[in-house]
Amino acid sequence: MFMRNSWYAAAWNHELGDTPFARTLLNEPVVLYRNSDGAPVALEDRCCHRSLPLSQGRVNGDLLQCGYHGLTFDATGTCVLVPGQTTVPPDARVKSYPVVERHQWIWIWMGDPELADDALIPDWRWMDHPDWRTIKGDPTFYLQCNYQLVTDNLLDLSHLSFVHETTIGTAAVVKFPITTSRAEDRVFMTRWILDSPAPAMYLDFLRHNVPGYDGNVDRWQIVETSLPANSDVFVGCAVAGSGSPDGDFSQGIQFHNLNSVTPETETTCHYFYAHARYFGQDDKKLDEIYRVGFRDVFMEDVRVFNAQQINHDRFPQRHEVDINTDGPGMNIRRMLEQRIAAEAAN
Amino acid sequence: MFMRNSWYAAAWNHELGDTPFARTLLNEPVVLYRNSDGAPVALEDRCCHRSLPLSQGRVNGDLLQCGYHGLTFDATGTCVLVPGQTTVPPDARVKSYPVVERHQWIWIWMGDPELADDALIPDWRWMDHPDWRTIKGDPTFYLQCNYQLVTDNLLDLSHLSFVHETTIGTAAVVKFPITTSRAEDRVFMTRWILDSPAPAMYLDFLRHNVPGYDGNVDRWQIVETSLPANSDVFVGCAVAGSGSPDGDFSQGIQFHNLNSVTPETETTCHYFYAHARYFGQDDKKLDEIYRVGFRDVFMEDVRVFNAQQINHDRFPQRHEVDINTDGPGMNIRRMLEQRIAAEAAN
Amino acid sequence: MFMRNSWYAAAWNHELGDTPFARTLLNEPVVLYRNSDGAPVALEDRCCHRSLPLSQGRVNGDLLQCGYHGLTFDATGTCVLVPGQTTVPPDARVKSYPVVERHQWIWIWMGDPELADDALIPDWRWMDHPDWRTIKGDPTFYLQCNYQLVTDNLLDLSHLSFVHETTIGTAAVVKFPITTSRAEDRVFMTRWILDSPAPAMYLDFLRHNVPGYDGNVDRWQIVETSLPANSDVFVGCAVAGSGSPDGDFSQGIQFHNLNSVTPETETTCHYFYAHARYFGQDDKKLDEIYRVGFRDVFMEDVRVFNAQQINHDRFPQRHEVDINTDGPGMNIRRMLEQRIAAEAAN
């Protein structure tokens, strides 16, 4: 049902501490905590003895103790203590998951631990690069929909004209064509709007880096989605003709909207996102725009996702008509299906 | 499961305007709106592209535009525009339903559109006849029960003695026998209580038309239920011996309680009702009695319906004992079963 | 699914009066009331006519009248009146259950009435013995868990060290071994903590009966659980060496915590309990400790039960590791399984 051999965002770094933190991921209850040196640990959130969630227990140094009868587990999930007896039953263990803290998120590997290679975690260096200003989308959105609906949305920004028409949308976006390309585990959607007037908000942003500018701009929307549901939405604009299509952003402003969606179940998900910008890094007003304004924008999408899911529940498997801008989303869906099928075949 | 080739009440006339209105009918999500000349339109409430309910979109003149990517549909359900591209996929269409506005309700045909004949809509002329005073039961009751429980109730007024004993019930009602008759698609339940003292409320009503009257009355309860779940509860009383059994109501007062119940699912329904009276048409206090007092009475029934449904859910298909007054209700249930079976056989 | 030939606690004695009282037991809706001489009656909570719960009707002397059409039933469940007709259909009856009021509880027999022998009701004489002071756990706890989780808990008091560590638990308890014994329909768990310092609360209690005592005590936890889910948790302490292990409690204090758990469904239950103590019978402060303090303690268990059930629902039938203290609970589970299997085989 899900691609398992993959890293998923499990939590924000600040959500973990020395009290157990519970979250269900890919239908599995997981408890997360930090051990005595601050390293994140993830175990199955079910004591192997009488099924109490271990998240109702307590962290003792590097160990997690169940809150019912005191069985105590180490970071590998091995039970190391049963109060009241001197031996530990050999089958007393819970599942342990590889976890890595990177780019402000805690990433968890839900599949075969032998295959957990942290080089596969998305390289979202902007999240903690000192030259960029990052605003966390916090707290995490809990969505009542299948996680793939979010990826569809991010890969088809033509929805801005309708869902976000009163916020960030403009009727113009949909008029410019997109190009799609794909690599082994990812899809790129690119739209360039060259030598055109900038929307008011963009012009305002641009003046942080190019003071007083009032001319046409080259704008881009470049979305890179890697399996299973990680999307880097790279957008911005630059002085028209200043070289941004060739990678020179010196006369422009850029921001990366970074998104990772982790299924809770087939019909619910955790949606993590952050914004990293390369302009007005010290501007508190901009922080508010990214913190509050974009949250409102995302809430417009949430309303769409939840409503779509109601119709999907009603009419599972029913045919949907495709249009031109669906290409990137359909590509990533197909890749994901193939990976899931390949995992099932092994 | 439901009789489909039939008109159902979908909405009150005042519920529809130039913003889309959503209601689930017979397990199908429907969106209703008025086009530019005020005519009602009903479409399936699911965009054929990415399943967003069209009710989250907007009405543009005669067209309905999806709120996600802007696909636009006409009143026949045909997609006439896909923003960002010049052609429309040939399978881009949603289901359209015949609708008719009549007697203050919007009626929808849920079956084969070829068979939609508006002569089949109940002839409830009292609803908008200038000589009658109509009070709408508004807002619509949303019931947590199968719609047929409401028809059972309306066809067996012996429940007044128990459910409504502190409001409109009298112990006497149940002592008078009923007669049952049937036509092809309807059942009539008739009870006459001749030459008897009138209950206080009825005497009060009667004096609007026969001032000062204090004698015995002839009372009637005549319920006509047509398929699938439309009930005209015609009740009143007249000066005893003044000819009401033969159709002369000049020395009496009459009112029609008009009811239409539309299934949402097997276990939930929308209950539409109105009261039309032929006495005290300008009496505001009577309006309040019909608006508020009868709503309270109906709430006593709602409590019964919801509790019955709990036991039906618990014991589906379990045998129920029948008593004498169940005749009319059992007749309409049998007719309905036959129609549903006949539709399934086609 | 459940053992049916058995008495279950259905209600507190004070919950029953001359208005019908509804409770679902073993998946069956039951209505309870007292007849004109105060004797409890239990009938199926579904009118055999149109399925309205009889608990929405009214008690008329010894009879229960349905609130929809007035069908009236006697204590055997026989319909004795159908308003509006002179005869009663021969199949108009509802199920009647044997009920007995004893030890402040109403006990109901859910199986074959022929086998209902009131000698099988737990002999919990302390509940209404004049020498003992009883505090009712009232209102009844409604738990979102399978009823057997409560029995597991009561038969393994080692959980006190973890679940109740800030209330009644002590780290010491788990260090003393238990002995288990069984009879045909019951299990005994016994733990003696001999010649040891008493916890502060126990010493305080003991001084009611042995003023000023400050030495070591002999403490006991003796739990007797009989099928299906009745547990007498007999605990206390006495002056060390004064003979309590041999049954002489004259230099000690004793209390019985009496528990009966009645399934509502497979995953919900009604939890009845009371405390009877043989010390400080007139001490109002002790009453408060038993009424409020122990309720808080039980709420700590409730949190565990509900969380266990979530994992049981998630992973039905999944293996659980057993530890030494699980012996008594596993014994009673096995007995119960055998009884249920035996009933199914008949």
# chains A, B, ... in the order shown; residues from 1 in each chain; ligands from 1

call {"tool": "interface_residues", "arguments": {"of": "chain C", "to": "chain A", "cutoff": "8 Å", "atoms": "only C-alpha atoms", "output": "list in words"}}
result
Ser158, His159, Ser161, Phe162, Val163, Val174, Lys175, Phe176, Pro177, Val304, Ala307, Gln308, Asn311, His312, His319, Glu320, Val321, Asp322, Ile323 and Asn324 of chain C

call {"tool": "select_by_dssp", "arguments": {"residues": "range 57-201 of chain B", "states": "strand (DSSP E)", "output": "PyMOL selection string"}}
result
chain B and resi 58-60+63-65+72-73+79-81+96-97+99-102+105-109+133-143+179-183+186-196

call {"tool": "residues_around", "arguments": {"residues": "Ala240 in chain A", "least_positions_apart": "5", "cutoff": "9 Å", "atoms": "only C-alpha atoms", "output": "ChimeraX atom specification"}}
result
/A:194-196,215-219,251

call {"tool": "write_last_selection", "arguments": {"atoms": "all heavy atoms", "output": "tab-separated table (two decimals), in the first residue's frame"}}
result
chain	number	residue	atom	x	y	z
A	194	LEU	N	8.36	34.72	-18.98
A	194	LEU	CA	9.48	35.62	-19.29
A	194	LEU	C	9.01	37.03	-19.63
A	194	LEU	O	7.94	37.23	-20.22
A	194	LEU	CB	10.29	35.05	-20.46
A	194	LEU	CG	10.98	33.71	-20.16
A	194	LEU	CD1	11.64	33.15	-21.42
A	194	LEU	CD2	12.01	33.88	-19.03
A	195	ASP	N	9.85	37.98	-19.23
A	195	ASP	CA	9.69	39.38	-19.64
A	195	ASP	C	8.25	39.88	-19.50
A	195	ASP	O	7.65	40.41	-20.42
A	195	ASP	CB	10.15	39.52	-21.11
A	195	ASP	CG	10.42	40.98	-21.46
A	195	ASP	OD1	10.51	41.81	-20.53
A	195	ASP	OD2	10.52	41.27	-22.66
A	196	SER	N	7.71	39.67	-18.32
A	196	SER	CA	6.32	40.05	-18.06
A	196	SER	C	6.26	40.93	-16.81
A	196	SER	O	7.17	40.91	-15.98
A	196	SER	CB	5.46	38.80	-17.79
A	196	SER	OG	5.50	37.94	-18.91
A	215	GLY	N	10.56	47.31	-13.50
A	215	GLY	CA	10.38	46.82	-14.87
A	215	GLY	C	9.80	45.41	-14.92
A	215	GLY	O	9.29	44.89	-13.94
A	216	ASN	N	9.88	44.84	-16.11
A	216	ASN	CA	9.41	43.47	-16.30
A	216	ASN	C	10.34	42.47	-15.59
A	216	ASN	O	11.48	42.79	-15.27
A	216	ASN	CB	9.35	43.12	-17.79
A	216	ASN	CG	8.04	43.62	-18.41
A	216	ASN	OD1	7.20	44.17	-17.70
A	216	ASN	ND2	7.90	43.43	-19.71
A	217	VAL	N	9.79	41.28	-15.37
A	217	VAL	CA	10.60	40.25	-14.71
A	217	VAL	C	10.51	38.94	-15.48
A	217	VAL	O	9.60	38.71	-16.28
A	217	VAL	CB	10.13	39.98	-13.25
A	217	VAL	CG1	10.29	41.23	-12.40
A	217	VAL	CG2	8.69	39.48	-13.23
A	218	ASP	N	11.49	38.09	-15.21
A	218	ASP	CA	11.41	36.68	-15.59
A	218	ASP	C	11.02	35.91	-14.32
A	218	ASP	O	11.71	36.01	-13.31
A	218	ASP	CB	12.77	36.17	-16.11
A	218	ASP	CG	13.19	36.88	-17.40
A	218	ASP	OD1	12.30	37.34	-18.14
A	218	ASP	OD2	14.41	36.96	-17.63
A	219	ARG	N	9.93	35.20	-14.39
A	219	ARG	CA	9.44	34.45	-13.21
A	219	ARG	C	9.56	32.96	-13.48
A	219	ARG	O	9.37	32.52	-14.61
A	219	ARG	CB	7.96	34.72	-12.96
A	219	ARG	CG	7.65	35.89	-12.12
A	219	ARG	CD	6.14	36.09	-12.08
A	219	ARG	NE	5.47	35.08	-11.25
A	219	ARG	CZ	4.16	34.82	-11.31
A	219	ARG	NH1	3.40	35.48	-12.17
A	219	ARG	NH2	3.62	33.92	-10.53
A	251	GLN	N	20.24	39.04	-9.82
A	251	GLN	CA	19.32	40.18	-9.97
A	251	GLN	C	17.88	39.73	-9.66
A	251	GLN	O	16.93	40.27	-10.22
A	251	GLN	CB	19.38	40.74	-11.39
A	251	GLN	CG	20.74	41.31	-11.77
A	251	GLN	CD	21.07	42.51	-10.89
A	251	GLN	OE1	20.32	43.48	-10.85
A	251	GLN	NE2	22.18	42.42	-10.14

call {"tool": "atom_distance", "arguments": {"atom1": "CA of Gly329 in chain B", "atom2": "CA of Val187 in chain B"}}
result
8.3 Å

call {"tool": "residues_around", "arguments": {"residues": "range 143-155 of chain B", "least_positions_apart": "6", "cutoff": "8 Å", "atoms": "only C-alpha atoms", "output": "list in words"}}
result
Met189, Val223, Thr225, Ala229, Asn230, Ser231, Val233, Val261, Thr262, Pro263, Thr265, Glu266, Thr267, Thr268, Cys269, His270, Tyr271, Val302, Phe305, Asn306, Gln308, Gln309, Asp326, Pro328, Gly329, Met330 and Arg333 of chain B

call {"tool": "residues_around", "arguments": {"residues": "Gly17 in chain B", "least_positions_apart": "2", "cutoff": "12 Å", "atoms": "only C-alpha atoms", "output": "MDAnalysis selection string"}}
result
chainID B and resid 11:15 19:22 31:41 58:62 106

call {"tool": "residues_around", "arguments": {"residues": "Gly293 in chain A", "least_positions_apart": "6", "cutoff": "12 Å", "atoms": "only C-alpha atoms", "output": "PyMOL selection string"}}
result
chain A and resi 135+137+164+166-168+201+275+285-287+299-300

call {"tool": "write_last_selection", "arguments": {"atoms": "C-alpha atoms", "output": "short mmCIF file (atom, residue, chain, number, x, y, z; two decimals), in the first residue's frame"}}
result
data_model
loop_
_atom_site.label_atom_id
_atom_site.label_comp_id
_atom_site.auth_asym_id
_atom_site.auth_seq_id
_atom_site.Cartn_x
_atom_site.Cartn_y
_atom_site.Cartn_z
CA ILE A 135 10.15 29.76 8.44
CA GLY A 137 5.17 25.52 8.93
CA HIS A 164 -5.82 30.98 -4.28
CA THR A 166 -7.73 36.08 -3.60
CA THR A 167 -4.29 35.36 -2.11
CA ILE A 168 -1.33 34.30 -4.27
CA MET A 201 3.68 40.95 -4.15
CA HIS A 275 9.77 28.20 3.53
CA LYS A 285 7.32 41.51 8.42
CA LEU A 286 8.35 39.02 5.78
CA ASP A 287 8.60 36.38 8.51
CA MET A 299 -5.63 26.21 4.50
CA GLU A 300 -7.29 26.95 1.17
#

call {"tool": "atom_distance", "arguments": {"atom1": "CA of Arg303 in chain B", "atom2": "CA of Asn257 in chain B"}}
result
19.7 Å

call {"tool": "closest_residue", "arguments": {"among": "C:Asp185, C:Thr134, C:Ser96, C:Tyr213", "to": "Arg334 in chain C", "atoms": "only C-alpha atoms"}}
result
C:Asp185

call {"tool": "residues_around", "arguments": {"residues": "Glu343 in chain A", "least_positions_apart": "4", "cutoff": "9 Å", "atoms": "only C-alpha atoms", "output": "VMD selection string"}}
result
chain A and resid 3 to 5 338 to 339

call {"tool": "write_last_selection", "arguments": {"atoms": "N, CA and C atoms", "output": "mmCIF file, in the first residue's frame"}}
result
data_model
loop_
_atom_site.group_PDB
_atom_site.id
_atom_site.type_symbol
_atom_site.label_atom_id
_atom_site.label_comp_id
_atom_site.auth_asym_id
_atom_site.auth_seq_id
_atom_site.Cartn_x
_atom_site.Cartn_y
_atom_site.Cartn_z
ATOM 1 N N MET A 3 5.054 2.816 -0.202
ATOM 2 C CA MET A 3 6.479 2.572 -0.438
ATOM 3 C C MET A 3 7.153 2.576 0.929
ATOM 4 N N ARG A 4 7.807 1.497 1.271
ATOM 5 C CA ARG A 4 8.362 1.394 2.625
ATOM 6 C C ARG A 4 9.858 1.712 2.672
ATOM 7 N N ASN A 5 10.579 1.341 1.635
ATOM 8 C CA ASN A 5 12.024 1.578 1.655
ATOM 9 C C ASN A 5 12.307 3.015 1.250
ATOM 10 N N GLN A 338 5.026 1.768 -9.285
ATOM 11 C CA GLN A 338 6.026 0.773 -9.693
ATOM 12 C C GLN A 338 6.917 0.383 -8.523
ATOM 13 N N ARG A 339 7.303 1.358 -7.721
ATOM 14 C CA ARG A 339 8.136 1.053 -6.566
ATOM 15 C C ARG A 339 7.396 0.157 -5.570
#

call {"tool": "select_by_dssp", "arguments": {"residues": "range 23-268 of chain A", "states": "alpha helix (DSSP H)", "output": "list in words"}}
result
Gln148, Leu149, Val150, Thr151, Asp152, Asn153, Leu154, Leu155, Leu160, Ser161, Phe162, Val163, Ala200, Met201, Tyr202, Leu203, Asp204, Phe205, Leu206, Arg207, His208 and Asn209 of chain A
